[in-house]
$ cat input_39.csv   # CSV, C-alpha atoms
chain,number,residue,atom,x,y,z
A,1,MET,CA,23.1,11.4,25.6
A,2,THR,CA,25.1,8.6,24.2
A,3,ILE,CA,25.0,7.8,20.5
A,4,ASN,CA,22.9,4.8,21.3
A,5,HIS,CA,20.4,6.8,23.3
A,6,ILE,CA,20.1,9.4,20.5
A,7,ARG,CA,19.6,6.7,18.0
A,8,LYS,CA,16.8,5.1,20.1
A,9,SER,CA,15.2,8.5,20.5
A,10,LEU,CA,15.2,9.2,16.8
A,11,LEU,CA,13.8,5.8,16.0
A,12,GLY,CA,11.1,6.3,18.6
A,13,ALA,CA,10.2,9.6,16.9
A,14,ALA,CA,10.3,7.8,13.6
A,15,LEU,CA,7.8,5.2,14.7
A,16,SER,CA,5.4,7.8,15.8
A,17,CYS,CA,5.3,9.1,12.3
A,18,ILE,CA,4.9,5.8,10.5
A,19,ALA,CA,2.9,2.9,11.8
A,20,PHE,CA,3.8,-0.7,10.7
A,21,VAL,CA,0.6,-2.7,10.4
A,22,SER,CA,0.1,-6.4,10.4
A,23,ILE,CA,-3.2,-7.0,8.7
A,24,GLY,CA,-5.3,-10.0,9.6
A,25,SER,CA,-7.5,-12.0,7.2
A,26,ASN,CA,-10.6,-10.3,8.6
A,27,VAL,CA,-9.7,-6.9,7.2
A,28,SER,CA,-10.2,-6.4,3.4
A,29,ALA,CA,-10.5,-2.6,3.0
A,30,ALA,CA,-10.2,0.6,5.0
A,31,PRO,CA,-10.2,4.3,4.1
A,32,HIS,CA,-6.4,5.0,4.4
A,33,VAL,CA,-6.8,8.3,2.5
A,34,ASP,CA,-6.2,11.6,4.2
A,35,LYS,CA,-8.1,14.9,3.8
A,36,ASP,CA,-5.9,15.9,0.9
A,37,GLY,CA,-6.2,12.6,-0.9
A,38,PHE,CA,-2.8,11.1,0.0
A,39,ILE,CA,-2.7,7.3,0.1
A,40,GLN,CA,-1.6,6.2,3.5
A,41,TYR,CA,-1.4,2.4,3.2
A,42,TRP,CA,1.2,0.5,1.2
A,43,THR,CA,2.9,-2.8,1.1
A,44,ILE,CA,6.7,-2.3,0.8
A,45,LEU,CA,9.5,-4.7,0.1
A,46,GLU,CA,12.7,-4.4,2.1
A,47,PRO,CA,15.3,-2.4,0.1
A,48,ILE,CA,17.3,-3.9,-2.7
A,49,SER,CA,20.9,-2.7,-3.4
A,50,VAL,CA,21.2,-0.6,-6.6
A,51,ASN,CA,23.4,2.4,-7.7
A,52,GLY,CA,22.7,5.6,-9.6
A,53,LEU,CA,19.9,8.2,-9.8
A,54,ASN,CA,20.2,9.5,-13.4
A,55,LYS,CA,17.7,8.4,-15.9
A,56,SER,CA,19.7,5.6,-17.5
A,57,ALA,CA,20.7,4.1,-14.1
A,58,VAL,CA,17.1,4.3,-12.8
A,59,ARG,CA,15.8,2.7,-16.0
A,60,ALA,CA,18.3,-0.1,-15.8
A,61,ALA,CA,17.4,-0.7,-12.1
A,62,VAL,CA,13.6,-0.8,-12.6
A,63,GLU,CA,13.7,-2.8,-15.8
A,64,ARG,CA,15.8,-5.6,-14.2
A,65,GLU,CA,13.9,-8.6,-12.9
A,66,TYR,CA,14.7,-9.2,-9.2
A,67,PHE,CA,11.8,-11.6,-8.5
A,68,PRO,CA,9.1,-13.3,-10.5
A,69,ALA,CA,6.0,-11.2,-11.5
A,70,GLN,CA,7.5,-8.1,-10.0
A,71,LEU,CA,5.2,-5.8,-12.0
A,72,SER,CA,2.1,-7.8,-11.3
A,73,VAL,CA,2.5,-9.4,-7.9
A,74,LEU,CA,0.0,-8.4,-5.1
A,75,PRO,CA,2.1,-9.0,-2.0
A,76,LYS,CA,0.8,-9.6,1.4
A,77,ASP,CA,2.4,-8.5,4.7
A,78,GLY,CA,5.0,-11.1,5.5
A,79,ASP,CA,5.5,-12.5,2.0
A,80,LYS,CA,9.1,-13.2,1.1
A,81,VAL,CA,11.2,-13.2,-2.1
A,82,THR,CA,14.8,-14.2,-2.6
A,83,ILE,CA,17.1,-11.7,-4.5
A,84,ALA,CA,20.7,-12.5,-5.2
A,85,GLY,CA,20.6,-15.2,-2.5
A,86,ASN,CA,19.2,-12.8,0.2
A,87,GLU,CA,15.7,-13.0,1.6
A,88,HIS,CA,13.6,-9.8,1.4
A,89,ILE,CA,10.2,-9.4,3.2
A,90,TRP,CA,7.2,-7.4,2.2
A,91,HIS,CA,5.8,-5.3,5.1
A,92,ALA,CA,2.5,-3.6,5.4
A,93,ALA,CA,3.0,0.1,6.3
A,94,SER,CA,0.7,2.9,7.0
A,95,THR,CA,1.1,6.5,8.2
A,96,ASP,CA,-0.9,9.4,9.6
A,97,GLN,CA,1.2,11.8,7.5
A,98,TYR,CA,0.9,12.6,3.8
A,99,ASN,CA,4.1,10.7,3.0
A,100,ILE,CA,5.6,7.3,3.7
A,101,ASN,CA,9.1,7.7,5.2
A,102,LEU,CA,11.2,5.0,3.7
A,103,TYR,CA,14.3,6.0,5.8
A,104,PHE,CA,12.3,5.2,9.0
A,105,PHE,CA,10.9,2.1,7.4
A,106,SER,CA,14.5,0.8,6.7
A,107,GLU,CA,15.7,1.8,10.2
A,108,ALA,CA,12.9,0.0,11.9
A,109,TYR,CA,13.8,-3.2,10.1
A,110,LYS,CA,17.6,-2.6,10.4
A,111,LYS,CA,18.0,-2.4,6.6
A,112,PRO,CA,20.3,-0.1,4.5
A,113,THR,CA,19.0,3.3,3.5
A,114,SER,CA,21.6,4.3,0.9
A,115,ASN,CA,22.0,3.0,-2.7
A,116,VAL,CA,18.7,1.1,-2.5
A,117,LEU,CA,15.5,0.5,-4.4
A,118,PHE,CA,12.1,0.1,-2.6
A,119,TRP,CA,9.2,-1.6,-4.3
A,120,CYS,CA,5.8,-0.2,-3.1
A,121,VAL,CA,2.3,-1.5,-3.9
A,122,THR,CA,-1.2,-0.4,-3.0
A,123,ILE,CA,-4.6,-1.4,-4.2
A,124,ILE,CA,-7.4,1.2,-4.5
A,125,ASP,CA,-11.0,0.3,-4.9
A,126,CYS,CA,-13.1,2.7,-6.9
A,127,PRO,CA,-16.9,2.8,-6.5
A,128,GLN,CA,-17.3,3.6,-10.2
A,129,GLU,CA,-15.2,4.1,-13.4
A,130,MET,CA,-13.2,7.3,-13.1
A,131,LYS,CA,-12.1,8.9,-16.3
A,132,ASN,CA,-9.5,11.7,-16.9
A,133,VAL,CA,-7.8,11.2,-13.5
A,134,ARG,CA,-4.1,11.5,-12.9
A,135,LEU,CA,-1.6,9.9,-10.5
A,136,ALA,CA,0.4,12.6,-8.8
A,137,ILE,CA,3.5,11.7,-6.8
A,138,GLY,CA,6.6,13.1,-5.1
A,139,SER,CA,9.7,11.2,-4.1
A,140,ASN,CA,13.1,11.4,-2.6
A,141,ALA,CA,14.9,10.5,-4.7
A,142,ALA,CA,14.1,9.1,-8.2
A,143,SER,CA,11.0,7.0,-8.8
A,144,VAL,CA,9.0,5.2,-11.5
A,145,TRP,CA,5.2,4.4,-11.2
A,146,TRP,CA,2.7,2.1,-12.8
A,147,VAL,CA,-1.1,2.0,-12.7
A,148,ASN,CA,-2.8,-1.3,-13.6
A,149,GLY,CA,0.5,-2.5,-15.1
A,150,GLN,CA,1.1,0.5,-17.3
A,151,GLU,CA,4.0,2.8,-16.6
A,152,VAL,CA,2.6,6.4,-16.1
A,153,ILE,CA,5.3,8.5,-14.4
A,154,GLY,CA,9.1,8.6,-14.0
A,155,ILE,CA,11.1,11.3,-12.1
A,156,TYR,CA,14.9,11.1,-12.0
A,157,ASN,CA,18.1,12.4,-10.4
A,158,ASP,CA,18.6,13.5,-6.8
A,159,ARG,CA,15.6,15.4,-5.5
A,160,GLN,CA,13.5,16.1,-2.4
A,161,THR,CA,9.9,15.0,-2.1
A,162,VAL,CA,7.6,17.7,-3.5
A,163,ILE,CA,3.8,17.2,-3.6
A,164,ASP,CA,2.6,16.5,-7.1
A,165,ASP,CA,6.2,16.7,-8.5
A,166,GLY,CA,5.3,14.1,-11.1
A,167,VAL,CA,1.9,13.9,-12.6
A,168,SER,CA,0.7,11.3,-15.1
A,169,LYS,CA,-1.2,11.9,-18.3
A,170,ARG,CA,-5.0,11.5,-17.9
A,171,ILE,CA,-5.9,7.9,-17.3
A,172,THR,CA,-9.1,5.9,-16.5
A,173,LEU,CA,-9.5,4.0,-13.2
A,174,LYS,CA,-11.7,0.9,-13.4
A,175,LYS,CA,-14.7,0.4,-11.2
A,176,GLY,CA,-13.4,-1.9,-8.5
A,177,ARG,CA,-9.7,-2.8,-7.9
A,178,ASN,CA,-6.8,-0.7,-9.4
A,179,ILE,CA,-3.2,-1.4,-8.7
A,180,ILE,CA,-0.6,1.4,-8.1
A,181,ARG,CA,3.0,0.3,-8.0
A,182,GLY,CA,6.1,2.4,-7.4
A,183,ALA,CA,9.9,1.9,-7.4
A,184,VAL,CA,11.7,4.5,-5.3
A,185,ILE,CA,15.5,4.7,-5.5
A,186,ASN,CA,17.7,6.5,-3.0
A,187,ALA,CA,21.4,7.3,-3.1
A,188,GLY,CA,21.8,8.4,0.5
A,189,GLY,CA,20.2,10.4,3.4
A,190,ALA,CA,16.4,10.9,3.8
A,191,THR,CA,14.1,9.0,1.5
A,192,ASP,CA,10.3,9.1,1.3
A,193,PHE,CA,7.4,9.4,-1.2
A,194,CYS,CA,3.8,10.6,-1.4
A,195,ALA,CA,1.0,9.7,-3.9
A,196,ARG,CA,-2.5,10.7,-4.6
A,197,ILE,CA,-5.1,10.7,-7.4
A,198,LEU,CA,-6.3,14.0,-9.0
A,199,ASP,CA,-9.7,14.1,-10.5
A,200,ALA,CA,-10.7,15.5,-13.9
A,201,ASN,CA,-10.6,19.0,-12.4
A,202,ASP,CA,-7.2,18.4,-10.8
A,203,GLN,CA,-8.7,18.2,-7.3
A,204,PRO,CA,-7.7,15.4,-4.9
A,205,LEU,CA,-9.8,12.3,-5.3
A,206,LYS,CA,-11.0,10.8,-2.0
A,207,THR,CA,-13.9,8.6,-3.0
A,208,PHE,CA,-12.0,5.3,-3.1
A,209,THR,CA,-10.9,3.0,-0.4
A,210,VAL,CA,-7.5,1.3,0.0
A,211,GLN,CA,-7.6,-2.5,-0.1
A,212,VAL,CA,-5.4,-4.5,2.3
A,213,PRO,CA,-4.4,-7.9,0.9
A,214,ALA,CA,-5.3,-10.6,3.5
A,215,LYS,CA,-2.5,-12.7,4.9

$ encode --input "input_39.csv" --output "structure tokens"
Amino acid sequence: MTINHIRKSLLGAALSCIAFVSIGSNVSAAPHVDKDGFIQYWTILEPISVNGLNKSAVRAAVEREYFPAQLSVLPKDGDKVTIAGNEHIWHAASTDQYNINLYFFSEAYKKPTSNVLFWCVTIIDCPQEMKNVRLAIGSNAASVWWVNGQEVIGIYNDRQTVIDDGVSKRITLKKGRNIIRGAVINAGGATDFCARILDANDQPLKTFTVQVPAK
């Protein structure tokens, strides 16, 4: 096989693992939670160039303002922001796996995969108030996470994605809409993340739906 054929084969395999979804205005919510509670639907911004994986570098990266309201915006598929003169697009992404593969995401949109930051947002809708739950995440590599605007987890340095690698303190999810936001930073190679909610007994929570912002 030529390098080009190999590349196309790998990308084809990639797209079989992560589905890119354009959501119409007639869709407001769907399950998008697997049997183990992993959230499978996110809106992801095309990667931003950054450097460093240690705590100080990651803190500097996530605390910098790249675009207005970056810790409160609820992006829709196709929304655009301008960062350092370059246009970046938010894309809806879903997967039938437990994790979202950001390497394949970037490859599909012909974007860089090394020395980059990905902003990821999802909205979960809870049928009732849920106390003493915890956000549990894993990422390759470093990442920082917020729930309803409050930072709850940060994991740093070069690392592989491990299920429940970072677990928040116990928090309360509101009845109705709750916003989960992550910033994942990769230095090079593979990059992905996974996230789920653990209930008061540290069991995966699956009684919520994932909202999809209408276009």

$ atom_distance --input "input_39.csv" --atom1 "CA of Ile48 in chain A" --atom2 "CA of Val116 in chain A"
5.2 Å

$ closest_atom_pairs --input "input_39.csv" --of "range 167-190 of chain A" --to "range 52-58 of chain A" --cutoff "12 Å" --atoms "all atoms listed in the file" --output "Markdown table"
| residue | atom | partner | partner_atom | distance |
| --- | --- | --- | --- | --- |
| A:Ala183 | CA | A:Val58 | CA | 9.3 |
| A:Val184 | CA | A:Val58 | CA | 9.2 |
| A:Ile185 | CA | A:Leu53 | CA | 7.1 |
| A:Asn186 | CA | A:Leu53 | CA | 7.3 |
| A:Ala187 | CA | A:Gly52 | CA | 6.8 |
| A:Gly188 | CA | A:Leu53 | CA | 10.5 |

$ closest_residue --input "input_39.csv" --among "A:His88, A:Lys76, A:Arg134, A:Lys35" --to "Ser49 in chain A" --atoms "all atoms listed in the file"
A:His88

$ residues_around --input "input_39.csv" --residues "range 177-182 of chain A" --least-positions-apart "2" --cutoff "6 Å" --atoms "all atoms listed in the file" --output "list in words"
Trp119, Cys120, Val121, Thr122, Ile123, Ile124, Asp125, Val144, Trp145, Trp146, Val147 and Asn148 of chain A

$ closest_residue --input "input_39.csv" --among "A:Phe118, A:Glu63, A:Tyr103, A:Thr43" --to "Pro75 in chain A" --atoms "all atoms listed in the file"
A:Thr43

$ atom_distance --input "input_39.csv" --atom1 "CA of Pro68 in chain A" --atom2 "CA of Val167 in chain A"
28.2 Å

$ residues_around --input "input_39.csv" --residues "range 195-202 of chain A" --least-positions-apart "3" --cutoff "9 Å" --atoms "all atoms listed in the file" --output "PyMOL selection string"
chain A and resi 33+36-40+98-99+130-139+163-164+167+170+205-206

$ closest_residue --input "input_39.csv" --among "A:Leu45, A:Ala190, A:Leu102, A:Ile153" --to "Gln70 in chain A" --atoms "all atoms listed in the file"
A:Leu45

$ closest_residue --input "input_39.csv" --among "A:Thr207, A:Ser114, A:Arg59, A:Ala84" --to "Glu151 in chain A" --atoms "all atoms listed in the file"
A:Arg59
